[in-house]
$ cat query38.pdb   # PDB, C-alpha atoms, pLDDT in the B column
ATOM      1  CA  PRO Q   1      -0.937   6.535 -45.585  1.00 55.00           C
ATOM      2  CA  ASP Q   2       0.932   6.282 -48.909  1.00 64.00           C
ATOM      3  CA  GLU Q   3       2.806   3.193 -47.719  1.00 58.00           C
ATOM      4  CA  ILE Q   4      -0.444   1.560 -46.643  1.00 57.00           C
ATOM      5  CA  ARG Q   5      -2.043   2.304 -50.015  1.00 60.00           C
ATOM      6  CA  MET Q   6       1.004   0.818 -51.746  1.00 58.00           C
ATOM      7  CA  VAL Q   7       0.738  -2.406 -49.702  1.00 56.00           C
ATOM      8  CA  PHE Q   8      -2.982  -2.738 -50.460  1.00 57.00           C
ATOM      9  CA  SER Q   9      -2.363  -2.082 -54.158  1.00 61.00           C
ATOM     10  CA  LEU Q  10       0.126  -4.970 -54.120  1.00 56.00           C
ATOM     11  CA  LEU Q  11      -2.481  -7.151 -52.430  1.00 56.00           C
ATOM     12  CA  ASP Q  12      -5.187  -6.176 -54.934  1.00 61.00           C
ATOM     13  CA  ASP Q  13      -3.016  -7.459 -57.793  1.00 65.00           C
ATOM     14  CA  ILE Q  14      -1.647 -10.585 -56.106  1.00 63.00           C
ATOM     15  CA  ASP Q  15      -0.977 -12.321 -59.437  1.00 66.00           C
ATOM     16  CA  GLY Q  16       1.237  -9.455 -60.584  1.00 70.00           C
ATOM     17  CA  THR Q  17       2.966  -9.292 -57.210  1.00 68.00           C
ATOM     18  CA  ILE Q  18       3.744 -13.017 -57.266  1.00 71.00           C
ATOM     19  CA  ARG Q  19       5.043 -12.685 -60.842  1.00 70.00           C
ATOM     20  CA  GLN Q  20       7.301  -9.801 -59.811  1.00 71.00           C
ATOM     21  CA  LEU Q  21       8.644 -11.706 -56.794  1.00 73.00           C
ATOM     22  CA  ALA Q  22       9.199 -14.834 -58.883  1.00 73.00           C
ATOM     23  CA  GLY Q  23      10.976 -12.781 -61.539  1.00 73.00           C
ATOM     24  CA  LEU Q  24      13.216 -11.243 -58.896  1.00 72.00           C
ATOM     25  CA  TYR Q  25      14.171 -14.626 -57.419  1.00 72.00           C
ATOM     26  CA  ALA Q  26      14.708 -16.122 -60.899  1.00 72.00           C
ATOM     27  CA  THR Q  27      16.963 -13.226 -61.890  1.00 73.00           C
ATOM     28  CA  VAL Q  28      19.006 -13.574 -58.713  1.00 71.00           C
ATOM     29  CA  SER Q  29      19.358 -17.334 -59.308  1.00 68.00           C
ATOM     30  CA  VAL Q  30      20.554 -16.873 -62.895  1.00 67.00           C
ATOM     31  CA  ILE Q  31      23.014 -14.144 -61.873  1.00 69.00           C
ATOM     32  CA  GLY Q  32      24.296 -16.404 -59.091  1.00 66.00           C
ATOM     33  CA  LEU Q  33      24.703 -19.266 -61.550  1.00 60.00           C
ATOM     34  CA  VAL Q  34      26.652 -17.127 -64.008  1.00 63.00           C
ATOM     35  CA  MET Q  35      28.852 -15.711 -61.240  1.00 64.00           C
ATOM     36  CA  LYS Q  36      29.521 -19.172 -59.791  1.00 61.00           C
ATOM     37  CA  THR Q  37      30.295 -21.007 -63.026  1.00 57.00           C
ATOM     38  CA  GLY Q  38      31.477 -18.197 -65.271  1.00 58.00           C
ATOM     39  CA  PHE Q  39      30.895 -18.378 -68.998  1.00 55.00           C
ATOM     40  CA  ARG Q  40      32.084 -21.932 -69.535  1.00 61.00           C
ATOM     41  CA  LYS Q  41      30.631 -24.753 -71.569  1.00 59.00           C
ATOM     42  CA  SER Q  42      29.009 -26.195 -68.449  1.00 72.00           C
ATOM     43  CA  LEU Q  43      26.920 -23.035 -68.030  1.00 72.00           C
ATOM     44  CA  ALA Q  44      24.323 -24.311 -70.506  1.00 74.00           C
ATOM     45  CA  PHE Q  45      24.040 -27.637 -68.681  1.00 79.00           C
ATOM     46  CA  ASP Q  46      23.835 -25.888 -65.297  1.00 79.00           C
ATOM     47  CA  LEU Q  47      21.154 -23.527 -66.587  1.00 80.00           C
ATOM     48  CA  VAL Q  48      19.058 -26.411 -67.985  1.00 83.00           C
ATOM     49  CA  TRP Q  49      19.576 -28.311 -64.712  1.00 86.00           C
ATOM     50  CA  THR Q  50      18.385 -25.332 -62.651  1.00 86.00           C
ATOM     51  CA  ILE Q  51      15.346 -24.697 -64.850  1.00 87.00           C
ATOM     52  CA  THR Q  52      14.394 -28.390 -64.825  1.00 90.00           C
ATOM     53  CA  LEU Q  53      14.696 -28.733 -61.062  1.00 92.00           C
ATOM     54  CA  THR Q  54      12.814 -25.483 -60.513  1.00 91.00           C
ATOM     55  CA  PHE Q  55       9.969 -26.798 -62.702  1.00 93.00           C
ATOM     56  CA  VAL Q  56       9.924 -30.122 -60.832  1.00 94.00           C
ATOM     57  CA  GLY Q  57       9.971 -28.234 -57.518  1.00 95.00           C
ATOM     58  CA  THR Q  58       7.065 -26.087 -58.712  1.00 94.00           C
ATOM     59  CA  VAL Q  59       4.992 -29.171 -59.493  1.00 95.00           C
ATOM     60  CA  VAL Q  60       5.865 -30.738 -56.124  1.00 96.00           C
ATOM     61  CA  PHE Q  61       5.024 -27.559 -54.192  1.00 96.00           C
ATOM     62  CA  HIS Q  62       1.779 -27.171 -56.171  1.00 95.00           C
ATOM     63  CA  VAL Q  63       0.705 -30.721 -55.280  1.00 95.00           C
ATOM     64  CA  MET Q  64       1.719 -30.167 -51.651  1.00 95.00           C
ATOM     65  CA  ALA Q  65      -0.274 -26.919 -51.492  1.00 94.00           C
ATOM     66  CA  VAL Q  66      -3.380 -28.685 -52.823  1.00 94.00           C
ATOM     67  CA  LEU Q  67      -2.881 -31.553 -50.366  1.00 94.00           C
ATOM     68  CA  PHE Q  68      -2.618 -29.005 -47.550  1.00 91.00           C
ATOM     69  CA  GLY Q  69      -5.904 -27.398 -48.575  1.00 89.00           C
ATOM     70  CA  ALA Q  70      -5.341 -25.021 -51.488  1.00 89.00           C
ATOM     71  CA  PRO Q  71      -8.230 -24.943 -53.976  1.00 87.00           C
ATOM     72  CA  LEU Q  72      -7.894 -27.718 -56.542  1.00 87.00           C
ATOM     73  CA  LEU Q  73      -9.760 -26.198 -59.483  1.00 88.00           C
ATOM     74  CA  ARG Q  74     -10.183 -22.562 -58.463  1.00 87.00           C
ATOM     75  CA  ASN Q  75      -7.220 -20.190 -58.252  1.00 86.00           C
ATOM     76  CA  VAL Q  76      -4.956 -22.596 -60.143  1.00 89.00           C
ATOM     77  CA  GLU Q  77      -2.865 -19.690 -61.433  1.00 88.00           C
ATOM     78  CA  GLN Q  78      -2.395 -18.294 -57.921  1.00 89.00           C
ATOM     79  CA  THR Q  79      -1.447 -21.707 -56.557  1.00 92.00           C
ATOM     80  CA  ALA Q  80       1.006 -22.236 -59.416  1.00 91.00           C
ATOM     81  CA  GLY Q  81       2.511 -18.809 -58.813  1.00 90.00           C
ATOM     82  CA  PHE Q  82       2.881 -19.556 -55.108  1.00 92.00           C
ATOM     83  CA  ALA Q  83       4.489 -22.922 -55.918  1.00 94.00           C
ATOM     84  CA  LEU Q  84       6.865 -21.269 -58.397  1.00 91.00           C
ATOM     85  CA  LEU Q  85       7.856 -18.676 -55.816  1.00 91.00           C
ATOM     86  CA  LEU Q  86       8.559 -21.377 -53.215  1.00 95.00           C
ATOM     87  CA  SER Q  87      10.547 -23.359 -55.752  1.00 94.00           C
ATOM     88  CA  LEU Q  88      12.589 -20.293 -56.686  1.00 90.00           C
ATOM     89  CA  MET Q  89      13.346 -19.662 -53.004  1.00 92.00           C
ATOM     90  CA  THR Q  90      14.296 -23.247 -52.175  1.00 94.00           C
ATOM     91  CA  VAL Q  91      15.107 -25.444 -55.170  1.00 93.00           C
ATOM     92  CA  ALA Q  92      16.697 -22.925 -57.557  1.00 89.00           C
ATOM     93  CA  PRO Q  93      19.415 -21.695 -55.149  1.00 89.00           C
ATOM     94  CA  ALA Q  94      20.191 -25.278 -54.158  1.00 90.00           C
ATOM     95  CA  SER Q  95      20.522 -26.337 -57.799  1.00 89.00           C
ATOM     96  CA  VAL Q  96      22.866 -23.419 -58.436  1.00 84.00           C
ATOM     97  CA  ILE Q  97      25.084 -24.240 -55.447  1.00 86.00           C
ATOM     98  CA  LEU Q  98      24.903 -28.052 -55.332  1.00 88.00           C
ATOM     99  CA  LYS Q  99      24.565 -28.581 -59.096  1.00 84.00           C
ATOM    100  CA  SER Q 100      23.879 -32.201 -60.099  1.00 83.00           C
ATOM    101  CA  ASN Q 101      25.992 -33.694 -57.302  1.00 85.00           C
ATOM    102  CA  CYS Q 102      23.591 -36.224 -55.764  1.00 87.00           C
ATOM    103  CA  SER Q 103      25.760 -36.863 -52.703  1.00 90.00           C
ATOM    104  CA  LYS Q 104      25.726 -33.158 -51.817  1.00 90.00           C
ATOM    105  CA  TRP Q 105      21.921 -33.005 -52.225  1.00 89.00           C
ATOM    106  CA  CYS Q 106      21.460 -36.055 -49.989  1.00 90.00           C
ATOM    107  CA  ARG Q 107      23.939 -34.849 -47.392  1.00 91.00           C
ATOM    108  CA  THR Q 108      22.464 -31.365 -47.268  1.00 89.00           C
ATOM    109  CA  PHE Q 109      18.715 -31.993 -47.418  1.00 89.00           C
ATOM    110  CA  LEU Q 110      18.129 -35.643 -46.497  1.00 88.00           C
ATOM    111  CA  LEU Q 111      20.764 -36.205 -43.825  1.00 89.00           C
ATOM    112  CA  TRP Q 112      20.639 -32.573 -42.596  1.00 86.00           C
ATOM    113  CA  THR Q 113      24.429 -32.380 -42.334  1.00 89.00           C
ATOM    114  CA  PRO Q 114      25.484 -29.370 -44.387  1.00 87.00           C
ATOM    115  CA  ILE Q 115      29.223 -28.865 -44.373  1.00 88.00           C
ATOM    116  CA  SER Q 116      29.985 -25.558 -46.036  1.00 85.00           C
ATOM    117  CA  VAL Q 117      28.729 -22.086 -45.210  1.00 84.00           C
ATOM    118  CA  THR Q 118      26.654 -21.946 -48.386  1.00 84.00           C
ATOM    119  CA  GLU Q 119      25.031 -25.301 -47.644  1.00 87.00           C
ATOM    120  CA  ILE Q 120      24.053 -24.087 -44.165  1.00 88.00           C
ATOM    121  CA  LEU Q 121      22.537 -20.944 -45.676  1.00 88.00           C
ATOM    122  CA  LEU Q 122      20.659 -23.072 -48.223  1.00 89.00           C
ATOM    123  CA  VAL Q 123      19.116 -25.241 -45.527  1.00 91.00           C
ATOM    124  CA  VAL Q 124      18.218 -22.375 -43.192  1.00 91.00           C
ATOM    125  CA  SER Q 125      16.736 -20.156 -45.915  1.00 91.00           C
ATOM    126  CA  SER Q 126      14.801 -23.062 -47.467  1.00 93.00           C
ATOM    127  CA  LEU Q 127      13.402 -24.090 -44.107  1.00 94.00           C
ATOM    128  CA  GLY Q 128      12.495 -20.490 -43.395  1.00 95.00           C
ATOM    129  CA  ALA Q 129      10.557 -20.198 -46.664  1.00 95.00           C
ATOM    130  CA  VAL Q 130       8.619 -23.434 -46.196  1.00 95.00           C
ATOM    131  CA  ILE Q 131       7.860 -22.842 -42.509  1.00 96.00           C
ATOM    132  CA  GLY Q 132       6.909 -19.230 -43.236  1.00 96.00           C
ATOM    133  CA  ALA Q 133       4.470 -20.338 -45.944  1.00 95.00           C
ATOM    134  CA  TRP Q 134       2.987 -22.908 -43.594  1.00 94.00           C
ATOM    135  CA  LEU Q 135       2.617 -20.377 -40.776  1.00 94.00           C
ATOM    136  CA  GLY Q 136       1.097 -17.879 -43.206  1.00 91.00           C
ATOM    137  CA  ALA Q 137      -1.726 -20.311 -43.894  1.00 90.00           C
ATOM    138  CA  PHE Q 138      -2.971 -20.151 -40.302  1.00 89.00           C
ATOM    139  CA  VAL Q 139      -4.779 -16.839 -40.841  1.00 86.00           C
ATOM    140  CA  ILE Q 140      -6.712 -17.955 -43.934  1.00 83.00           C
ATOM    141  CA  PRO Q 141      -9.597 -19.752 -42.161  1.00 81.00           C
ATOM    142  CA  LEU Q 142     -10.127 -16.997 -39.580  1.00 81.00           C
ATOM    143  CA  ASP Q 143     -13.324 -15.032 -40.123  1.00 72.00           C
ATOM    144  CA  TRP Q 144     -11.794 -11.552 -40.096  1.00 75.00           C
ATOM    145  CA  ASP Q 145     -12.678 -10.963 -43.776  1.00 75.00           C
ATOM    146  CA  ARG Q 146      -9.517  -9.009 -44.457  1.00 76.00           C
ATOM    147  CA  PRO Q 147      -8.192  -8.679 -48.021  1.00 74.00           C
ATOM    148  CA  TRP Q 148      -4.850 -10.225 -47.076  1.00 72.00           C
ATOM    149  CA  GLN Q 149      -6.547 -13.447 -45.929  1.00 77.00           C
ATOM    150  CA  VAL Q 150      -7.382 -14.480 -49.493  1.00 81.00           C
ATOM    151  CA  TRP Q 151      -5.402 -17.424 -50.908  1.00 85.00           C
ATOM    152  CA  PRO Q 152      -2.344 -17.273 -51.332  1.00 87.00           C
ATOM    153  CA  ILE Q 153      -1.515 -13.774 -50.038  1.00 86.00           C
ATOM    154  CA  SER Q 154      -0.704 -14.703 -46.448  1.00 88.00           C
ATOM    155  CA  CYS Q 155       1.269 -17.758 -47.560  1.00 91.00           C
ATOM    156  CA  VAL Q 156       3.321 -15.680 -50.003  1.00 91.00           C
ATOM    157  CA  MET Q 157       3.976 -13.059 -47.329  1.00 90.00           C
ATOM    158  CA  GLY Q 158       4.920 -15.800 -44.853  1.00 93.00           C
ATOM    159  CA  ALA Q 159       7.212 -17.515 -47.345  1.00 94.00           C
ATOM    160  CA  VAL Q 160       9.054 -14.300 -48.213  1.00 92.00           C
ATOM    161  CA  ALA Q 161       9.308 -13.288 -44.553  1.00 93.00           C
ATOM    162  CA  GLY Q 162      10.492 -16.776 -43.602  1.00 95.00           C
ATOM    163  CA  HIS Q 163      13.052 -16.843 -46.407  1.00 93.00           C
ATOM    164  CA  LEU Q 164      14.437 -13.442 -45.429  1.00 91.00           C
ATOM    165  CA  THR Q 165      14.475 -14.460 -41.768  1.00 93.00           C
ATOM    166  CA  GLY Q 166      16.271 -17.686 -42.649  1.00 91.00           C
ATOM    167  CA  CYS Q 167      18.851 -15.802 -44.708  1.00 87.00           C
ATOM    168  CA  THR Q 168      19.381 -13.327 -41.877  1.00 88.00           C
ATOM    169  CA  LEU Q 169      19.595 -15.960 -39.141  1.00 87.00           C
ATOM    170  CA  GLY Q 170      21.836 -18.146 -41.266  1.00 81.00           C
ATOM    171  CA  GLY Q 171      24.136 -15.220 -41.990  1.00 77.00           C
ATOM    172  CA  VAL Q 172      24.205 -14.027 -38.377  1.00 76.00           C
ATOM    173  CA  GLY Q 173      24.764 -17.553 -37.088  1.00 67.00           C
ATOM    174  CA  LEU Q 174      27.823 -17.913 -39.267  1.00 64.00           C
ATOM    175  CA  LEU Q 175      29.514 -14.783 -37.990  1.00 58.00           C
TER     176      LEU Q 175
END

$ encode --input "query38.pdb" --output "structure tokens"
Amino acid sequence: PDEIRMVFSLLDDIDGTIRQLAGLYATVSVIGLVMKTGFRKSLAFDLVWTITLTFVGTVVFHVMAVLFGAPLLRNVEQTAGFALLLSLMTVAPASVILKSNCSKWCRTFLLWTPISVTEILLVVSSLGAVIGAWLGAFVIPLDWDRPWQVWPISCVMGAVAGHLTGCTLGGVGLL
């Protein structure tokens, strides 16, 4: 019963939950960036690059969510939070790993030919997040009138579940 109450309390404050998830993914991305590059002069450029691409990804995911049926004028903050979360799960890790190398971005995400282990994990986890968000939207129009059917709760849950599934499958597939 306590676990169920905790889940419903998270659903009641979906804005706060999305902010907490986005903060967690942003923190992990920054820590990964610092660990990958170290404290060199290029760290500032890499950090600005990651923040810029994450912002651009947020705008793209926001527009895509509206085109797929998210409310245009209502729930703008929830849609923006959902878009930020998706961007932090897909674009931010890729910008940390691939940096500003355009050939790596094209090879990994346009040609679908990742070479390294990290590139494979990037593709699988990103696909998992996007497909999970898309699958999470299927329950929204059903007339069950459940609190978790409100926009964007099921999409956020699907995106997180898809991202974690993609990370797990990508990691297991590489063993």

$ residues_around --input "query38.pdb" --residues "Trp105 of chain Q" --least-positions-apart "5" --cutoff "9 Å" --atoms "only C-alpha atoms" --output "PyMOL selection string"
chain Q and resi 94-95+98-100+110

$ atom_distance --input "query38.pdb" --atom1 "atom CA of Val66 of chain Q" --atom2 "atom CA of Thr79 of chain Q"
8.1 Å

$ residues_around --input "query38.pdb" --residues "Val28 of chain Q" --least-positions-apart "6" --cutoff "10 Å" --atoms "only C-alpha atoms" --output "number ranges by chain"
Q: 22, 34, 88, 92-93

$ resolve_selection --input "query38.pdb" --expression "the PyMOL selection byres ((chain Q and resi 56-62) around 6)" --output "ChimeraX atom specification"
/Q:53-55,63-65,80,83-84,87

$ residues_around --input "query38.pdb" --residues "Ala137 of chain Q" --least-positions-apart "5" --cutoff "12 Å" --atoms "only C-alpha atoms" --output "ChimeraX atom specification"
/Q:65,68-70,130-132,142,148-159

$ residues_around --input "query38.pdb" --residues "segment 115-124 of chain Q" --least-positions-apart "2" --cutoff "9 Å" --atoms "all atoms listed in the file" --output "number ranges by chain"
Q: 90, 93-94, 97-98, 104, 107-109, 112-113, 126-129, 163, 165-167, 169-171, 174

$ atom_distance --input "query38.pdb" --atom1 "atom CA of Leu85 of chain Q" --atom2 "atom CA of Ser42 of chain Q"
25.8 Å

$ atom_distance --input "query38.pdb" --atom1 "atom CA of Ala133 of chain Q" --atom2 "atom CA of Val160 of chain Q"
7.9 Å

$ build_atoms --input "query38.pdb" --residues "segment 124-136 of chain Q" --atoms "N, CA, C and O atoms" --output "compact mmCIF listing (two decimals), in the frame of the given file"
# COMPACT_ATOMS: atom_id res chain seq x y z
N VAL Q 124 18.93 -23.29 -44.07
CA VAL Q 124 18.22 -22.38 -43.19
C VAL Q 124 17.24 -21.51 -43.97
O VAL Q 124 16.09 -21.32 -43.56
N SER Q 125 17.65 -21.00 -45.13
CA SER Q 125 16.74 -20.16 -45.92
C SER Q 125 15.59 -20.97 -46.52
O SER Q 125 14.45 -20.50 -46.58
N SER Q 126 15.86 -22.20 -46.93
CA SER Q 126 14.80 -23.06 -47.47
C SER Q 126 13.80 -23.43 -46.39
O SER Q 126 12.58 -23.38 -46.61
N LEU Q 127 14.30 -23.80 -45.22
CA LEU Q 127 13.40 -24.09 -44.11
C LEU Q 127 12.58 -22.87 -43.72
O LEU Q 127 11.39 -22.98 -43.44
N GLY Q 128 13.21 -21.72 -43.72
CA GLY Q 128 12.50 -20.49 -43.40
C GLY Q 128 11.36 -20.22 -44.36
O GLY Q 128 10.25 -19.85 -43.96
N ALA Q 129 11.60 -20.43 -45.66
CA ALA Q 129 10.56 -20.20 -46.66
C ALA Q 129 9.39 -21.17 -46.50
O ALA Q 129 8.22 -20.76 -46.52
N VAL Q 130 9.68 -22.43 -46.31
CA VAL Q 130 8.62 -23.43 -46.20
C VAL Q 130 7.84 -23.25 -44.89
O VAL Q 130 6.60 -23.27 -44.88
N ILE Q 131 8.55 -23.04 -43.79
CA ILE Q 131 7.86 -22.84 -42.51
C ILE Q 131 7.08 -21.54 -42.52
O ILE Q 131 5.95 -21.47 -42.01
N GLY Q 132 7.63 -20.50 -43.13
CA GLY Q 132 6.91 -19.23 -43.24
C GLY Q 132 5.63 -19.37 -44.04
O GLY Q 132 4.59 -18.81 -43.68
N ALA Q 133 5.68 -20.11 -45.14
CA ALA Q 133 4.47 -20.34 -45.94
C ALA Q 133 3.43 -21.12 -45.15
O ALA Q 133 2.23 -20.81 -45.19
N TRP Q 134 3.89 -22.11 -44.41
CA TRP Q 134 2.99 -22.91 -43.59
C TRP Q 134 2.35 -22.06 -42.49
O TRP Q 134 1.14 -22.13 -42.25
N LEU Q 135 3.15 -21.25 -41.83
CA LEU Q 135 2.62 -20.38 -40.78
C LEU Q 135 1.67 -19.32 -41.36
O LEU Q 135 0.70 -18.93 -40.70
N GLY Q 136 1.97 -18.86 -42.57
CA GLY Q 136 1.10 -17.88 -43.21
C GLY Q 136 -0.29 -18.42 -43.49
O GLY Q 136 -1.26 -17.65 -43.58
